[in-house]
Amino acid sequence: MKHSPNSRRACAGKLPCALLFLASLLTLPPARAENVLMQHNDLARTGANTAETILTTANVNANSFAKLFTDGVDGQVYAQPLFVQNLSLAGGIHNVVFVCSESNSVYAFDADTGGVTYWHDRLGTPYAPSCSDLTPIVGITGTPVIDLSSGTLYVDTKLATGPAHKLHALDLASGNEKFGGPVTIAAPAFSAAVEHQRPGLVLVNGVVYVSFGSHCDSGSYHGFVLGYNATNLSRVAAFNVTASGSEGAVWSGGMAPAADAAGNLYIMTGNGTFDGINNFGESMVKLNGNLLMQDYATPANWATLNAGDTDLGSGGVVLLPTHYAVGMGKDGNLYLADINNLGHVDHFVQVFAAQSSGDTVGKSPVYWQGPGRQYLFALHSNSRTKSFQFTGTNIIITPLGTASFQMSDRCGGVSLSADGTNNGILWEIGSDSNLRAYDAVNFPKLLWSGSVGSYVKMTCPTIANGKVYVGTSANLSVWGLNNFLYFQTGGATPILSWAAGALLQANNLSGPWVTNSVSSPSAVVPANTQMFYRLSLP
């Protein structure tokens, strides 16, 4: 079932109605914005958007930063929201945020204005699980992946009928099914009744990869990575983590598999059979594009981890310059490996206790090349988020900083925004349902914090074009600067006027732009066809 666009708008906050009317005619332009098309921003899974020029460590504070609006959804949002700028749909050019819920719904919301839904797909009745890991329903859990070149969003749904997992290819502009989709996901030994699709989807070299673990370790399940042709949705590759054994889930706390420039995929696996031949539970695994085993790294104490339900693969892999990979599991250790030689058993480059251990969640770190230093930010359940330095060959084990807030045994998630190597901000969703913004260089200096309402465990925020998007148990919440407006227009001679305020920045405009000479005398000379205008409200 599909809902058509609507456009509810209202005057609110500091924004005068006359100026809001102008805003309704114009749309928000990207100030060197960056699309967020996949889980944790890039194939390396760094979690960093390094093209964020609007939010800075100076303006993210209690005076300037606040919740802008909320869009309601029909279920819990475990999948990370995705962002596409300047998308042609609904008769115009818009910035759009895509949100998925456990009710098997996909929403295309206006990214800059609350209450505007361009389309909404309901993709079948969700599954009702018999365990408590994710309740009361399971639909879309893994973050979709977007292919801009074909204008397609790929997403997995779990359906009550069957039960079944289905892979959909949705048109970005309309939400319509493409490429003959949806297709039912199937493979030898794969059972939709016991498989859970939690990791984000991956698109590499024309293949969409979908990974699976289990619901509450119930039934005879295996960890799987399955590859589907992106243009006809036929299955082209399959990897069973425990081909002659059992378990070995690929769940990763929602982290998508990482991919390198050669198209190799990297996963971390959970509890399960290990023999280094056909079975690779409790391992960091390297697969080629055909999902054939290339190499693996396994802790020497894998049997102890397995016996204690202390999954190595409760997080995913993050690729670091120039040929390293890092990950963290329930045991709280950071595992650093050389992707050119993973070394099999007990040959990690470095292993050390970074966080607490136990049957909890260990999200993989966020990586950022900051000013003169490489940073890793490690979040873990029952622990405080920490900042570490990566030297290029190893991790300095003494933390650079440790946050004051301690997560519960079901942590939130972290992401980072920065303008290249400047203005690094670490965004953390806490198990207390608070969103926190930390100065990444001076971590744990707290810049701002506020309630998201009701957080969803392991969900990461998305930062794009001056806004922070957070999926919760019942909505999409959007934060940003409450005293700035950004306008775009395609007209040849646009006229902008306002009742009060100061022109802070006006460059790269198409125009000419004319301001109200009574309130704010100013003339702006355009530089080129990119339109960018910034106004500070009183």
# chains A, B, ... in the order shown; residues from 1 in each chain; ligands from 1
>>> residues_around(residues="segment 56-69 of chain A", least_positions_apart="4", cutoff="7 Å", atoms="only C-alpha atoms", output="PyMOL selection string")
chain A and resi 114+423+425+439+447-448+477-483
>>> residues_around(residues="segment 156-167 of chain A", least_positions_apart="4", cutoff="7 Å", atoms="only C-alpha atoms", output="VMD selection string")
chain A and resid 104 124 to 128 138 to 140 182 to 185 192 to 193
>>> residues_around(residues="segment 277-293 of chain A", least_positions_apart="2", cutoff="8 Å", atoms="only C-alpha atoms", output="ChimeraX atom specification")
/A:204,225-227,236-239,241-245,247-249,263-275,295-299,302,305-306,311-313,317,339
>>> write_last_selection(atoms="N, CA and C atoms", output="short mmCIF file (atom, residue, chain, number, x, y, z; two decimals), in the first residue's frame")
data_model
loop_
_atom_site.label_atom_id
_atom_site.label_comp_id
_atom_site.auth_asym_id
_atom_site.auth_seq_id
_atom_site.Cartn_x
_atom_site.Cartn_y
_atom_site.Cartn_z
N VAL A 204 28.25 -3.55 -4.09
CA VAL A 204 29.61 -3.48 -4.60
C VAL A 204 29.65 -4.12 -5.98
N VAL A 225 25.99 -14.76 4.15
CA VAL A 225 26.09 -13.59 3.29
C VAL A 225 25.65 -14.05 1.91
N LEU A 226 24.63 -13.40 1.34
CA LEU A 226 24.09 -13.78 0.04
C LEU A 226 24.19 -12.60 -0.91
N GLY A 227 24.60 -12.86 -2.15
CA GLY A 227 24.77 -11.81 -3.14
C GLY A 227 23.72 -11.89 -4.22
N VAL A 236 23.51 -14.60 -7.03
CA VAL A 236 24.73 -14.90 -7.77
C VAL A 236 25.84 -15.45 -6.89
N ALA A 237 25.68 -15.39 -5.57
CA ALA A 237 26.74 -15.88 -4.69
C ALA A 237 26.16 -16.14 -3.30
N ALA A 238 26.81 -17.06 -2.58
CA ALA A 238 26.36 -17.38 -1.22
C ALA A 238 27.53 -17.84 -0.38
N PHE A 239 27.55 -17.41 0.87
CA PHE A 239 28.55 -17.88 1.84
C PHE A 239 27.84 -18.28 3.11
N VAL A 241 28.55 -19.36 6.84
CA VAL A 241 29.64 -19.25 7.82
C VAL A 241 30.01 -20.61 8.40
N THR A 242 29.00 -21.45 8.64
CA THR A 242 29.22 -22.75 9.27
C THR A 242 28.63 -23.84 8.37
N ALA A 243 29.26 -24.05 7.23
CA ALA A 243 28.69 -24.91 6.18
C ALA A 243 28.48 -26.34 6.64
N SER A 244 29.35 -26.86 7.51
CA SER A 244 29.18 -28.22 8.02
C SER A 244 28.95 -28.23 9.52
N GLY A 245 28.62 -27.06 10.06
CA GLY A 245 28.36 -26.95 11.49
C GLY A 245 27.07 -26.21 11.75
N GLU A 247 25.29 -22.26 13.60
CA GLU A 247 25.38 -20.91 14.15
C GLU A 247 26.37 -20.06 13.36
N GLY A 248 27.22 -19.25 14.03
CA GLY A 248 28.13 -18.38 13.29
C GLY A 248 27.44 -17.16 12.72
N ALA A 249 26.51 -16.58 13.45
CA ALA A 249 25.67 -15.48 12.96
C ALA A 249 26.48 -14.29 12.46
N GLY A 263 36.96 -4.87 -3.96
CA GLY A 263 35.65 -5.52 -3.91
C GLY A 263 35.57 -6.66 -2.92
N ASN A 264 36.59 -6.83 -2.08
CA ASN A 264 36.53 -7.85 -1.03
C ASN A 264 35.65 -7.37 0.11
N LEU A 265 34.92 -8.29 0.72
CA LEU A 265 34.05 -7.99 1.86
C LEU A 265 34.69 -8.50 3.14
N TYR A 266 34.38 -7.80 4.26
CA TYR A 266 34.91 -8.17 5.56
C TYR A 266 33.76 -8.24 6.56
N ILE A 267 33.65 -9.37 7.25
CA ILE A 267 32.61 -9.56 8.26
C ILE A 267 33.23 -10.08 9.54
N MET A 268 32.50 -9.94 10.64
CA MET A 268 32.85 -10.60 11.90
C MET A 268 31.69 -11.50 12.27
N THR A 269 32.00 -12.72 12.71
CA THR A 269 30.97 -13.71 12.96
C THR A 269 30.80 -13.96 14.45
N GLY A 270 29.61 -14.43 14.82
CA GLY A 270 29.29 -14.69 16.22
C GLY A 270 29.60 -16.12 16.63
N ASN A 271 28.95 -16.55 17.70
CA ASN A 271 29.17 -17.90 18.21
C ASN A 271 28.88 -18.93 17.14
N GLY A 272 29.61 -20.05 17.17
CA GLY A 272 29.35 -21.10 16.21
C GLY A 272 30.56 -21.99 16.00
N THR A 273 30.36 -22.98 15.16
CA THR A 273 31.41 -23.95 14.87
C THR A 273 32.60 -23.29 14.20
N PHE A 274 33.80 -23.69 14.64
CA PHE A 274 35.02 -23.21 13.99
C PHE A 274 35.98 -24.39 13.77
N ASP A 275 36.47 -24.51 12.55
CA ASP A 275 37.55 -25.46 12.27
C ASP A 275 38.56 -24.89 11.27
N ASP A 295 40.59 -15.23 3.41
CA ASP A 295 41.47 -15.24 4.59
C ASP A 295 40.60 -15.07 5.82
N TYR A 296 41.16 -15.33 6.99
CA TYR A 296 40.40 -15.14 8.22
C TYR A 296 41.36 -14.92 9.39
N ALA A 297 40.85 -14.32 10.45
CA ALA A 297 41.57 -14.14 11.71
C ALA A 297 40.65 -14.56 12.85
N THR A 298 41.15 -15.39 13.75
CA THR A 298 40.35 -15.96 14.83
C THR A 298 41.10 -15.83 16.14
N PRO A 299 40.46 -15.34 17.21
CA PRO A 299 41.15 -15.26 18.50
C PRO A 299 41.57 -16.64 19.00
N TRP A 302 38.90 -18.62 21.04
CA TRP A 302 37.59 -18.67 20.39
C TRP A 302 36.64 -19.65 21.09
N LEU A 305 35.21 -17.91 24.13
CA LEU A 305 34.22 -16.94 23.70
C LEU A 305 32.91 -17.62 23.31
N ASN A 306 33.05 -18.73 22.60
CA ASN A 306 31.88 -19.46 22.14
C ASN A 306 31.09 -20.02 23.31
N ASP A 311 30.13 -13.22 21.76
CA ASP A 311 30.36 -13.15 20.31
C ASP A 311 31.47 -12.17 19.94
N LEU A 312 32.42 -12.66 19.14
CA LEU A 312 33.35 -11.73 18.51
C LEU A 312 32.57 -10.81 17.58
N GLY A 313 31.58 -11.38 16.88
CA GLY A 313 30.87 -10.64 15.85
C GLY A 313 29.67 -9.86 16.33
N VAL A 317 33.28 -4.85 11.00
CA VAL A 317 34.65 -4.49 10.65
C VAL A 317 34.68 -3.04 10.14
N ILE A 339 44.75 -6.60 6.69
CA ILE A 339 43.88 -7.24 5.72
C ILE A 339 44.66 -7.96 4.63
#
>>> residues_around(residues="segment 463-472 of chain A", least_positions_apart="5", cutoff="8 Å", atoms="only C-alpha atoms", output="PyMOL selection string")
chain A and resi 30-36+49+52-55+76-81+83+99+415-417+452-456+477-481
>>> write_last_selection(atoms="N, CA, C and O atoms", output="short mmCIF file (atom, residue, chain, number, x, y, z; two decimals), in the first residue's frame")
data_model
loop_
_atom_site.label_atom_id
_atom_site.label_comp_id
_atom_site.auth_asym_id
_atom_site.auth_seq_id
_atom_site.Cartn_x
_atom_site.Cartn_y
_atom_site.Cartn_z
N PRO A 30 22.53 22.11 -0.55
CA PRO A 30 23.67 21.55 0.16
C PRO A 30 24.84 22.51 0.16
O PRO A 30 25.22 23.02 -0.88
N ALA A 31 25.40 22.79 1.32
CA ALA A 31 26.64 23.54 1.40
C ALA A 31 27.76 22.51 1.41
O ALA A 31 28.25 22.10 2.45
N ARG A 32 28.13 22.03 0.22
CA ARG A 32 29.05 20.90 0.07
C ARG A 32 28.53 19.71 0.86
O ARG A 32 29.27 19.05 1.57
N ALA A 33 27.23 19.43 0.74
CA ALA A 33 26.62 18.32 1.45
C ALA A 33 27.08 17.00 0.85
O ALA A 33 27.59 16.94 -0.27
N GLU A 34 26.89 15.95 1.59
CA GLU A 34 27.28 14.63 1.15
C GLU A 34 26.11 13.68 1.36
O GLU A 34 25.52 13.65 2.44
N ASN A 35 25.77 12.91 0.33
CA ASN A 35 24.73 11.91 0.47
C ASN A 35 25.16 10.85 1.47
O ASN A 35 26.34 10.53 1.59
N VAL A 36 24.19 10.30 2.18
CA VAL A 36 24.42 9.15 3.05
C VAL A 36 23.61 8.02 2.47
O VAL A 36 22.40 7.95 2.63
N ASN A 49 30.88 11.43 8.36
CA ASN A 49 30.57 12.31 7.24
C ASN A 49 31.54 13.48 7.33
O ASN A 49 31.39 14.36 8.18
N GLU A 52 30.61 17.84 6.21
CA GLU A 52 29.61 18.61 6.97
C GLU A 52 30.18 19.99 7.29
O GLU A 52 31.05 20.14 8.15
N THR A 53 29.69 21.01 6.55
CA THR A 53 30.23 22.36 6.69
C THR A 53 29.36 23.28 7.54
O THR A 53 29.76 24.39 7.85
N ILE A 54 28.16 22.84 7.88
CA ILE A 54 27.24 23.72 8.61
C ILE A 54 27.39 23.56 10.12
O ILE A 54 27.53 24.55 10.85
N LEU A 55 27.38 22.33 10.61
CA LEU A 55 27.49 22.10 12.05
C LEU A 55 28.96 22.16 12.46
O LEU A 55 29.81 21.49 11.87
N GLN A 76 9.16 0.60 15.18
CA GLN A 76 10.52 0.90 15.62
C GLN A 76 11.45 1.08 14.42
O GLN A 76 11.32 0.40 13.41
N VAL A 77 12.40 2.01 14.57
CA VAL A 77 13.36 2.29 13.50
C VAL A 77 14.74 1.80 13.92
O VAL A 77 15.46 2.47 14.66
N TYR A 78 15.08 0.59 13.50
CA TYR A 78 16.42 0.05 13.74
C TYR A 78 17.38 0.43 12.62
O TYR A 78 18.58 0.61 12.85
N ALA A 79 16.89 0.53 11.40
CA ALA A 79 17.73 0.88 10.25
C ALA A 79 18.15 2.33 10.34
O ALA A 79 17.37 3.20 10.75
N GLN A 80 19.39 2.63 9.97
CA GLN A 80 19.88 4.00 9.98
C GLN A 80 19.20 4.80 8.87
O GLN A 80 19.10 4.33 7.74
N PRO A 81 18.69 6.01 9.15
CA PRO A 81 18.12 6.85 8.09
C PRO A 81 19.17 7.16 7.02
O PRO A 81 20.35 7.34 7.33
N PHE A 83 20.14 9.60 3.45
CA PHE A 83 19.91 10.97 2.98
C PHE A 83 20.36 11.12 1.53
O PHE A 83 21.47 10.72 1.17
N VAL A 99 13.48 6.44 5.59
CA VAL A 99 13.36 5.84 6.91
C VAL A 99 12.59 4.53 6.79
O VAL A 99 11.56 4.47 6.09
N SER A 415 28.04 8.13 15.52
CA SER A 415 28.45 8.59 14.19
C SER A 415 29.24 9.87 14.39
O SER A 415 29.21 10.46 15.48
N LEU A 416 29.92 10.32 13.33
CA LEU A 416 30.75 11.52 13.44
C LEU A 416 30.50 12.43 12.24
O LEU A 416 30.28 11.97 11.13
N SER A 417 30.54 13.73 12.51
CA SER A 417 30.50 14.72 11.43
C SER A 417 31.74 15.60 11.53
O SER A 417 32.25 15.85 12.62
N VAL A 452 15.90 12.07 22.81
CA VAL A 452 15.34 11.65 21.52
C VAL A 452 13.93 11.10 21.69
O VAL A 452 13.25 10.81 20.71
N GLY A 453 13.49 10.94 22.93
CA GLY A 453 12.17 10.39 23.20
C GLY A 453 12.25 8.96 23.67
O GLY A 453 12.10 8.67 24.86
N SER A 454 12.54 8.03 22.80
CA SER A 454 12.70 6.62 23.15
C SER A 454 13.64 5.98 22.15
O SER A 454 13.27 5.71 21.01
N TYR A 455 14.87 5.72 22.60
CA TYR A 455 15.89 5.23 21.67
C TYR A 455 15.63 3.77 21.29
O TYR A 455 14.90 3.05 21.96
N VAL A 456 16.26 3.35 20.21
CA VAL A 456 16.26 1.96 19.78
C VAL A 456 17.70 1.47 19.84
O VAL A 456 18.60 2.13 19.29
N SER A 477 13.24 11.81 14.36
CA SER A 477 13.46 13.12 14.97
C SER A 477 14.62 13.81 14.27
O SER A 477 15.62 13.17 13.92
N VAL A 478 14.48 15.12 14.07
CA VAL A 478 15.47 15.87 13.30
C VAL A 478 15.93 17.07 14.12
O VAL A 478 15.12 17.87 14.59
N TRP A 479 17.24 17.21 14.27
CA TRP A 479 17.85 18.33 14.99
C TRP A 479 18.68 19.17 14.03
O TRP A 479 19.18 18.68 13.02
N GLY A 480 18.83 20.44 14.39
CA GLY A 480 19.67 21.33 13.60
C GLY A 480 19.81 22.67 14.26
O GLY A 480 19.40 22.87 15.42
N LEU A 481 20.37 23.64 13.54
CA LEU A 481 20.56 24.99 14.07
C LEU A 481 19.24 25.74 13.97
O LEU A 481 18.65 25.83 12.90
#
>>> select_by_dssp(residues="segment 259-468 of chain A", states="strand (DSSP E)", output="MDAnalysis selection string")
chainID A and resid 259 265:268 284:287 293:298 318:320 324:328 333:338 344:345 350:353 366:370 373:378 384:390 395:406 414:419 422:429 434:439 446:451 462:464 467:468
>>> atom_distance(atom1="atom CA of Gly115 of chain A", atom2="atom CA of Leu476 of chain A")
10.8 Å
>>> atom_distance(atom1="atom CA of Asp309 of chain A", atom2="atom CA of Ser214 of chain A")
13.6 Å
>>> residues_around(residues="Gly412 of chain A", least_positions_apart="2", cutoff="10 Å", atoms="only C-alpha atoms", output="ChimeraX atom specification")
/A:253,361,363,379-381,407-410,414,428-435,455-461
>>> write_last_selection(atoms="N, CA and C atoms", output="PDB file, in the first residue's frame")
ATOM      1  N   GLY A 253      25.606  -6.091  15.330  1.00  0.00           N
ATOM      2  CA  GLY A 253      25.005  -4.915  15.944  1.00  0.00           C
ATOM      3  C   GLY A 253      24.470  -3.929  14.926  1.00  0.00           C
ATOM      4  N   VAL A 361      26.736  -5.835  24.015  1.00  0.00           N
ATOM      5  CA  VAL A 361      26.898  -5.420  22.626  1.00  0.00           C
ATOM      6  C   VAL A 361      28.185  -4.621  22.493  1.00  0.00           C
ATOM      7  N   LYS A 363      29.722  -2.402  19.696  1.00  0.00           N
ATOM      8  CA  LYS A 363      29.696  -1.775  18.371  1.00  0.00           C
ATOM      9  C   LYS A 363      31.129  -1.540  17.892  1.00  0.00           C
ATOM     10  N   LEU A 379      32.442   2.574  21.383  1.00  0.00           N
ATOM     11  CA  LEU A 379      31.249   2.501  22.227  1.00  0.00           C
ATOM     12  C   LEU A 379      30.961   1.047  22.527  1.00  0.00           C
ATOM     13  N   HIS A 380      30.558   0.754  23.777  1.00  0.00           N
ATOM     14  CA  HIS A 380      30.285  -0.621  24.196  1.00  0.00           C
ATOM     15  C   HIS A 380      29.273  -0.597  25.325  1.00  0.00           C
ATOM     16  N   SER A 381      28.455  -1.626  25.388  1.00  0.00           N
ATOM     17  CA  SER A 381      27.489  -1.720  26.481  1.00  0.00           C
ATOM     18  C   SER A 381      28.187  -1.821  27.833  1.00  0.00           C
ATOM     19  N   MET A 407      26.845   3.462  29.335  1.00  0.00           N
ATOM     20  CA  MET A 407      25.749   2.777  28.664  1.00  0.00           C
ATOM     21  C   MET A 407      25.210   1.639  29.531  1.00  0.00           C
ATOM     22  N   SER A 408      23.948   1.263  29.285  1.00  0.00           N
ATOM     23  CA  SER A 408      23.395   0.047  29.877  1.00  0.00           C
ATOM     24  C   SER A 408      23.862  -1.143  29.044  1.00  0.00           C
ATOM     25  N   ASP A 409      23.273  -2.316  29.271  1.00  0.00           N
ATOM     26  CA  ASP A 409      23.714  -3.488  28.518  1.00  0.00           C
ATOM     27  C   ASP A 409      23.141  -3.519  27.098  1.00  0.00           C
ATOM     28  N   ARG A 410      22.365  -2.514  26.713  1.00  0.00           N
ATOM     29  CA  ARG A 410      21.888  -2.389  25.342  1.00  0.00           C
ATOM     30  C   ARG A 410      22.161  -0.964  24.883  1.00  0.00           C
ATOM     31  N   VAL A 414      26.905   5.372  17.538  1.00  0.00           N
ATOM     32  CA  VAL A 414      27.677   6.598  17.349  1.00  0.00           C
ATOM     33  C   VAL A 414      27.948   6.844  15.874  1.00  0.00           C
ATOM     34  N   GLU A 428      26.369  10.655  19.737  1.00  0.00           N
ATOM     35  CA  GLU A 428      26.123   9.406  20.453  1.00  0.00           C
ATOM     36  C   GLU A 428      24.663   9.330  20.882  1.00  0.00           C
ATOM     37  N   ILE A 429      24.009   8.200  20.593  1.00  0.00           N
ATOM     38  CA  ILE A 429      22.679   7.925  21.124  1.00  0.00           C
ATOM     39  C   ILE A 429      22.860   7.036  22.352  1.00  0.00           C
ATOM     40  N   GLY A 430      22.496   7.555  23.502  1.00  0.00           N
ATOM     41  CA  GLY A 430      22.707   6.820  24.741  1.00  0.00           C
ATOM     42  C   GLY A 430      21.555   5.907  25.085  1.00  0.00           C
ATOM     43  N   SER A 431      21.831   4.915  25.920  1.00  0.00           N
ATOM     44  CA  SER A 431      20.782   4.016  26.391  1.00  0.00           C
ATOM     45  C   SER A 431      19.815   4.718  27.334  1.00  0.00           C
ATOM     46  N   ASP A 432      20.098   5.977  27.694  1.00  0.00           N
ATOM     47  CA  ASP A 432      19.167   6.807  28.466  1.00  0.00           C
ATOM     48  C   ASP A 432      18.280   7.648  27.551  1.00  0.00           C
ATOM     49  N   SER A 433      18.281   7.332  26.255  1.00  0.00           N
ATOM     50  CA  SER A 433      17.469   8.033  25.248  1.00  0.00           C
ATOM     51  C   SER A 433      17.895   9.480  25.046  1.00  0.00           C
ATOM     52  N   ASN A 434      19.157   9.784  25.300  1.00  0.00           N
ATOM     53  CA  ASN A 434      19.685  11.117  25.024  1.00  0.00           C
ATOM     54  C   ASN A 434      20.645  11.082  23.848  1.00  0.00           C
ATOM     55  N   LEU A 435      20.540  12.099  22.999  1.00  0.00           N
ATOM     56  CA  LEU A 435      21.513  12.342  21.942  1.00  0.00           C
ATOM     57  C   LEU A 435      22.560  13.300  22.495  1.00  0.00           C
ATOM     58  N   TYR A 455      14.865   5.722  22.596  1.00  0.00           N
ATOM     59  CA  TYR A 455      15.887   5.231  21.673  1.00  0.00           C
ATOM     60  C   TYR A 455      15.634   3.772  21.293  1.00  0.00           C
ATOM     61  N   VAL A 456      16.262   3.346  20.211  1.00  0.00           N
ATOM     62  CA  VAL A 456      16.260   1.957  19.783  1.00  0.00           C
ATOM     63  C   VAL A 456      17.702   1.474  19.835  1.00  0.00           C
ATOM     64  N   LYS A 457      17.942   0.353  20.498  1.00  0.00           N
ATOM     65  CA  LYS A 457      19.304  -0.120  20.734  1.00  0.00           C
ATOM     66  C   LYS A 457      20.082  -0.281  19.425  1.00  0.00           C
ATOM     67  N   MET A 458      21.330   0.100  19.487  1.00  0.00           N
ATOM     68  CA  MET A 458      22.313  -0.073  18.409  1.00  0.00           C
ATOM     69  C   MET A 458      22.087   0.825  17.205  1.00  0.00           C
ATOM     70  N   THR A 459      21.069   1.703  17.235  1.00  0.00           N
ATOM     71  CA  THR A 459      20.787   2.563  16.091  1.00  0.00           C
ATOM     72  C   THR A 459      21.711   3.775  16.078  1.00  0.00           C
ATOM     73  N   CYS A 460      22.287   4.075  14.903  1.00  0.00           N
ATOM     74  CA  CYS A 460      23.225   5.186  14.764  1.00  0.00           C
ATOM     75  C   CYS A 460      22.536   6.410  14.165  1.00  0.00           C
ATOM     76  N   PRO A 461      22.914   7.605  14.599  1.00  0.00           N
ATOM     77  CA  PRO A 461      22.372   8.820  13.974  1.00  0.00           C
ATOM     78  C   PRO A 461      22.981   9.052  12.607  1.00  0.00           C
TER      79      PRO A 461
END
>>> closest_residue(among="A:Leu446, A:Val345, A:Val73, A:Ala189", to="Ala303 of chain A", atoms="only C-alpha atoms")
A:Val345
>>> residues_around(residues="segment 441-443 of chain A", least_positions_apart="3", cutoff="8 Å", atoms="only C-alpha atoms", output="VMD selection string")
chain A and resid 370 387 400 to 403 424 438 446
>>> select_by_dssp(residues="segment 168-411 of chain A", states="helix (DSSP H, G or I)", output="number ranges by chain")
A: 252-254, 302-307, 312-314
>>> write_last_selection(atoms="N, CA and C atoms", output="compact mmCIF listing (two decimals), in the first residue's frame")
# COMPACT_ATOMS: atom_id res chain seq x y z
N SER A 252 26.34 -8.38 13.87
CA SER A 252 27.22 -7.19 13.85
C SER A 252 26.64 -5.94 14.49
N GLY A 253 25.61 -6.09 15.33
CA GLY A 253 25.01 -4.92 15.94
C GLY A 253 24.47 -3.93 14.93
N GLY A 254 24.10 -4.43 13.73
CA GLY A 254 23.59 -3.57 12.67
C GLY A 254 24.64 -3.09 11.70
N TRP A 302 38.90 -18.62 21.04
CA TRP A 302 37.59 -18.67 20.39
C TRP A 302 36.64 -19.65 21.09
N ALA A 303 37.16 -20.76 21.58
CA ALA A 303 36.30 -21.75 22.25
C ALA A 303 35.71 -21.18 23.53
N THR A 304 36.50 -20.40 24.27
CA THR A 304 36.01 -19.75 25.49
C THR A 304 34.95 -18.71 25.16
N LEU A 305 35.21 -17.91 24.13
CA LEU A 305 34.22 -16.94 23.70
C LEU A 305 32.91 -17.62 23.31
N ASN A 306 33.05 -18.73 22.60
CA ASN A 306 31.88 -19.46 22.14
C ASN A 306 31.09 -20.02 23.31
N ALA A 307 31.77 -20.59 24.27
CA ALA A 307 31.10 -21.19 25.42
C ALA A 307 30.40 -20.14 26.28
N LEU A 312 32.42 -12.66 19.14
CA LEU A 312 33.35 -11.73 18.51
C LEU A 312 32.57 -10.81 17.58
N GLY A 313 31.58 -11.38 16.88
CA GLY A 313 30.87 -10.64 15.85
C GLY A 313 29.67 -9.86 16.33
N SER A 314 29.71 -9.31 17.55
CA SER A 314 28.62 -8.42 17.96
C SER A 314 28.79 -7.04 17.37
>>> residues_around(residues="Gly175 of chain A", least_positions_apart="5", cutoff="7 Å", atoms="only C-alpha atoms", output="MDAnalysis selection string")
chainID A and resid 119 121 170
>>> closest_residue(among="A:Asn205, A:Ser149, A:Asn382, A:Ser451", to="Ser356 of chain A", atoms="only C-alpha atoms")
A:Asn382
>>> atom_distance(atom1="atom CA of Trp251 of chain A", atom2="atom CA of Thr310 of chain A")
13.3 Å
